[in-house]
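Chemist: Quick one: this structure, given as structure tokens, is what I'll be asking you about.
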Amino acid sequence: MSNQSIVKRKSNWPVFLRRGLLENIAIALIGLGFLMLFQPFALVLYTYSFITMLVGTVMFIIVSKFPE
Amino acid sequence: MSDMPSGKPLVTDTNSSILDRAATAAAHATPEPLAKKVRGLSDRMVAWIFIAPTILLLLAINIFPLIWAIQLSFTNYRANRPNADIKNIGLQNYSRILGDADTWIAMQATAHFVFWTIALQTLIGFTLAYLIDRKFRGHAFWTTVILVPMMLSPAVVGNFWRFLYQPQIGLFTYIISFFTGIPPTEIEMLSNVSLAPWSIIIVDTWMWTPYVMLICLAGLRSIPDYIYEAAEVDRASPWRQFWSITLPMALPFIMLAVLFRGIENFKMFDMVNLLTGGGPGSTTEVASITLKREAFEKWRTGYSSAFAIILFVAVFGLANIYVKVLNKVKNR
């Protein structure tokens, strides 16, 4: 093997669209939606739980394909 | 013929001639028209040919019903009236489910059941695995005995526990009465509003703790002995060894067990249906029981499809988070 140093290639992908941050937002939305669905305190939270979870899940599926 | 670095041939002449003869025999056995077709295929195409039956089967029994259920969830379709007009009602089914207080209570019953079964099964399962992992006389026998409940059919377990919970003749009520002094006829596990949810939790824990134990045992057995030996050299106490070696290294396995049991318990139907059927009242009416009532008693197929999609998104979303956390723990 040659002793060439490994140079990380710079991605042209915008920083705000990188996987890490967006994935965390998606996970937070899924977790929030999940808690809203099963909580015993307010019906209004239950009503909006599905849409929160759906947005989080779809976002997670999309952003998990983004570069790091 | 390729040689090993040591000079020893990888394939000997004898082996080579056997392989050649087998290949020639296989080539002769293939019908000529088929052989002509296969010769022109790339490796990628051959791989696709092998995968295609599985993909087709998955599409037929998983993906197609899912897409069909999504489509039905936007309609007023009723399976008992196949000739009636099917109207597209948009998001009405979803808004009805998400505004219905009874469904909300069913969700809370599900959450109660899932939380307590997972907590108890993980705690007892890991403790049993930790004890069984220590080599003692007859540990293989006891492992098999502990695994027996998991091997039984849920239908058998349900009926069997209904007898155990009988207030007059049940063994479970007799034992509780023996230790507490409460008359057995007053211990109505399946018909008491506050005891009925716990009766299901006890049965599920009894049945599925061995499964969690088995996964945890695999995790404990995968920890190499030299780590404990190094800890002994460093004079780490058994308590310290447990918190710094055993638990962190078995954690991915525990999390896997929690994921499997969590998904299964969200869909729990058979045991609840056999033991209480959702009663008394609707105290043990978990989401799957509500779903069954809507789909096969009230025949509101569109409505129940929407409900099934909501449950699917909840489990799918949670599984996504869980797999991500699991990968993080494994890469630590």
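Residue numbering restarts at 1 in every chain; chains get A, B, ... in the order shown in the structure tokens, and ligands count up from 1 in that same order.
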What residues in chain B lie within 10 Å of chain A, counting only C-alpha atoms, written as an NGL selection string?

Modeler: :B and (94-101 or 103-112 or 309-311 or 313-318 or 320-322 or 324)

Chemist: Using only C-alpha atoms, please write the residues we just selected to a file, as a PDB file, in the first residue's frame.

Modeler:
ATOM      1  CA  TYR B  94     -58.733  10.089  10.215  1.00  0.00           C
ATOM      2  CA  SER B  95     -60.406  13.151  11.769  1.00  0.00           C
ATOM      3  CA  ARG B  96     -63.104  10.935  13.366  1.00  0.00           C
ATOM      4  CA  ILE B  97     -60.526   8.578  14.904  1.00  0.00           C
ATOM      5  CA  LEU B  98     -58.307  11.395  16.131  1.00  0.00           C
ATOM      6  CA  GLY B  99     -61.236  13.252  17.687  1.00  0.00           C
ATOM      7  CA  ASP B 100     -62.848  10.208  19.322  1.00  0.00           C
ATOM      8  CA  ALA B 101     -62.442  10.005  23.108  1.00  0.00           C
ATOM      9  CA  THR B 103     -60.216   5.553  20.753  1.00  0.00           C
ATOM     10  CA  TRP B 104     -58.020   7.853  22.826  1.00  0.00           C
ATOM     11  CA  ILE B 105     -58.785   5.719  25.906  1.00  0.00           C
ATOM     12  CA  ALA B 106     -57.944   2.562  23.915  1.00  0.00           C
ATOM     13  CA  MET B 107     -54.580   4.131  23.073  1.00  0.00           C
ATOM     14  CA  GLN B 108     -53.952   4.818  26.764  1.00  0.00           C
ATOM     15  CA  ALA B 109     -54.820   1.196  27.603  1.00  0.00           C
ATOM     16  CA  THR B 110     -52.333   0.083  24.929  1.00  0.00           C
ATOM     17  CA  ALA B 111     -49.621   2.382  26.317  1.00  0.00           C
ATOM     18  CA  HIS B 112     -50.232   1.067  29.866  1.00  0.00           C
ATOM     19  CA  ILE B 309     -52.500   3.143   9.223  1.00  0.00           C
ATOM     20  CA  ILE B 310     -52.242   5.361  12.342  1.00  0.00           C
ATOM     21  CA  LEU B 311     -50.937   2.408  14.372  1.00  0.00           C
ATOM     22  CA  VAL B 313     -47.063   4.965  11.391  1.00  0.00           C
ATOM     23  CA  ALA B 314     -46.627   4.981  15.208  1.00  0.00           C
ATOM     24  CA  VAL B 315     -44.794   1.648  15.273  1.00  0.00           C
ATOM     25  CA  PHE B 316     -42.787   2.407  12.106  1.00  0.00           C
ATOM     26  CA  GLY B 317     -41.668   5.814  13.413  1.00  0.00           C
ATOM     27  CA  LEU B 318     -40.668   4.401  16.768  1.00  0.00           C
ATOM     28  CA  ASN B 320     -36.830   4.029  13.032  1.00  0.00           C
ATOM     29  CA  ILE B 321     -35.697   5.953  16.128  1.00  0.00           C
ATOM     30  CA  TYR B 322     -34.900   2.754  17.906  1.00  0.00           C
ATOM     31  CA  LYS B 324     -30.821   4.630  14.970  1.00  0.00           C
TER      32      LYS B 324
END

Chemist: Leaving out region 284-290 of chain B and any residue of its chain fewer than 4 positions from it, which residues lie within 8 Å of it when counting only C-alpha atoms, given as an mmCIF file with N, CA and C atoms, in the first residue's frame?

Modeler:
data_model
loop_
_atom_site.group_PDB
_atom_site.id
_atom_site.type_symbol
_atom_site.label_atom_id
_atom_site.label_comp_id
_atom_site.auth_asym_id
_atom_site.auth_seq_id
_atom_site.Cartn_x
_atom_site.Cartn_y
_atom_site.Cartn_z
ATOM 1 N N THR B 103 -61.444 6.047 21.382
ATOM 2 C CA THR B 103 -60.216 5.553 20.753
ATOM 3 C C THR B 103 -58.998 6.050 21.534
ATOM 4 N N ALA B 106 -58.533 3.840 24.370
ATOM 5 C CA ALA B 106 -57.944 2.562 23.915
ATOM 6 C C ALA B 106 -56.432 2.706 23.748
ATOM 7 N N MET B 107 -56.019 3.873 23.252
ATOM 8 C CA MET B 107 -54.580 4.131 23.073
ATOM 9 C C MET B 107 -53.873 4.166 24.429
ATOM 10 N N ALA B 109 -54.865 2.583 27.107
ATOM 11 C CA ALA B 109 -54.820 1.196 27.603
ATOM 12 C C ALA B 109 -53.654 0.455 26.946
ATOM 13 N N THR B 110 -53.446 0.717 25.661
ATOM 14 C CA THR B 110 -52.333 0.083 24.929
ATOM 15 C C THR B 110 -51.005 0.525 25.540
ATOM 16 N N ALA B 196 -58.086 -6.266 36.060
ATOM 17 C CA ALA B 196 -58.103 -6.872 34.715
ATOM 18 C C ALA B 196 -56.882 -6.480 33.855
ATOM 19 N N PRO B 197 -56.493 -5.176 33.796
ATOM 20 C CA PRO B 197 -55.300 -4.849 32.986
ATOM 21 C C PRO B 197 -54.049 -5.578 33.491
ATOM 22 N N PHE B 266 -47.549 -3.887 20.791
ATOM 23 C CA PHE B 266 -48.460 -2.894 20.221
ATOM 24 C C PHE B 266 -49.567 -3.578 19.425
ATOM 25 N N LYS B 267 -49.235 -4.740 18.868
ATOM 26 C CA LYS B 267 -50.213 -5.455 18.049
ATOM 27 C C LYS B 267 -50.941 -6.525 18.855
ATOM 28 N N MET B 268 -50.702 -6.603 20.156
ATOM 29 C CA MET B 268 -51.242 -7.680 20.997
ATOM 30 C C MET B 268 -52.758 -7.807 20.841
ATOM 31 N N PHE B 269 -53.190 -8.990 20.452
ATOM 32 C CA PHE B 269 -54.623 -9.198 20.256
ATOM 33 C C PHE B 269 -55.099 -10.504 20.895
ATOM 34 N N VAL B 272 -55.358 -10.845 24.853
ATOM 35 C CA VAL B 272 -56.387 -9.951 25.421
ATOM 36 C C VAL B 272 -57.770 -10.461 25.043
ATOM 37 N N ASN B 273 -57.912 -10.878 23.797
ATOM 38 C CA ASN B 273 -59.203 -11.363 23.322
ATOM 39 C C ASN B 273 -59.639 -12.613 24.079
ATOM 40 N N THR B 276 -59.904 -11.394 28.419
ATOM 41 C CA THR B 276 -60.962 -10.461 28.852
ATOM 42 C C THR B 276 -61.865 -9.997 27.703
ATOM 43 N N GLY B 277 -61.407 -10.164 26.466
ATOM 44 C CA GLY B 277 -62.185 -9.685 25.316
ATOM 45 C C GLY B 277 -62.351 -8.175 25.333
ATOM 46 N N GLY B 278 -61.470 -7.478 26.035
ATOM 47 C CA GLY B 278 -61.539 -6.006 26.093
ATOM 48 C C GLY B 278 -62.227 -5.503 27.351
ATOM 49 N N GLY B 279 -62.891 -6.399 28.081
ATOM 50 C CA GLY B 279 -63.649 -5.980 29.268
ATOM 51 C C GLY B 279 -62.843 -6.013 30.555
ATOM 52 N N PRO B 280 -63.428 -5.760 31.704
ATOM 53 C CA PRO B 280 -64.813 -5.317 31.912
ATOM 54 C C PRO B 280 -65.024 -3.878 31.401
ATOM 55 N N GLU B 294 -64.136 -2.555 15.093
ATOM 56 C CA GLU B 294 -64.539 -1.665 13.996
ATOM 57 C C GLU B 294 -64.580 -2.419 12.674
#

Chemist: Can you list, as a ChimeraX atom specification, all residues belonging to region 16-175 of chain B that DSSP tags as alpha helix (DSSP H)?

Modeler: /B:16-29,32-39,43-58,64-72,92-99,101-133,139-151,154-164,171-175

Chemist: Have a look at CA of Ser153 (chain B) and CA of Gly125 (chain B) and let me know their distance in Å, one decimal.

Modeler: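 CA of Gly125 (chain B) lies 19.8 Å from CA of Ser153 (chain B).
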
Chemist: Closest to Ala319 (chain B) among B:Ile201, B:Met271, B:Leu259, B:Ile169, using only C-alpha atoms?

Modeler: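 Answer, going by the shortest atom-to-atom distance: B:Leu259.
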
Chemist: If you count only C-alpha atoms, which residues fall within 12 Å of region 207-212 of chain B, apart from same-chain ones fewer than 3 positions away, as a ChimeraX atom specification?

Modeler: /B:117-130,132,142-158,160-161,200-204,215-219,253-262,264-265,271

Chemist: Which residue gives the smallest distance to Ile67 (chain B) among B:Thr173, B:Ala306, B:Ser42, B:Arg240, with only C-alpha atoms counted?

Modeler: B:Ala306

Chemist: So which one's closest to Pro67 (chain A), A:Met36, A:Arg18, A:Asn12, A:Ile25? Using only C-alpha atoms, please.

Modeler: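 Checking each candidate against Pro67 (chain A), we get A:Arg18 as the closest.
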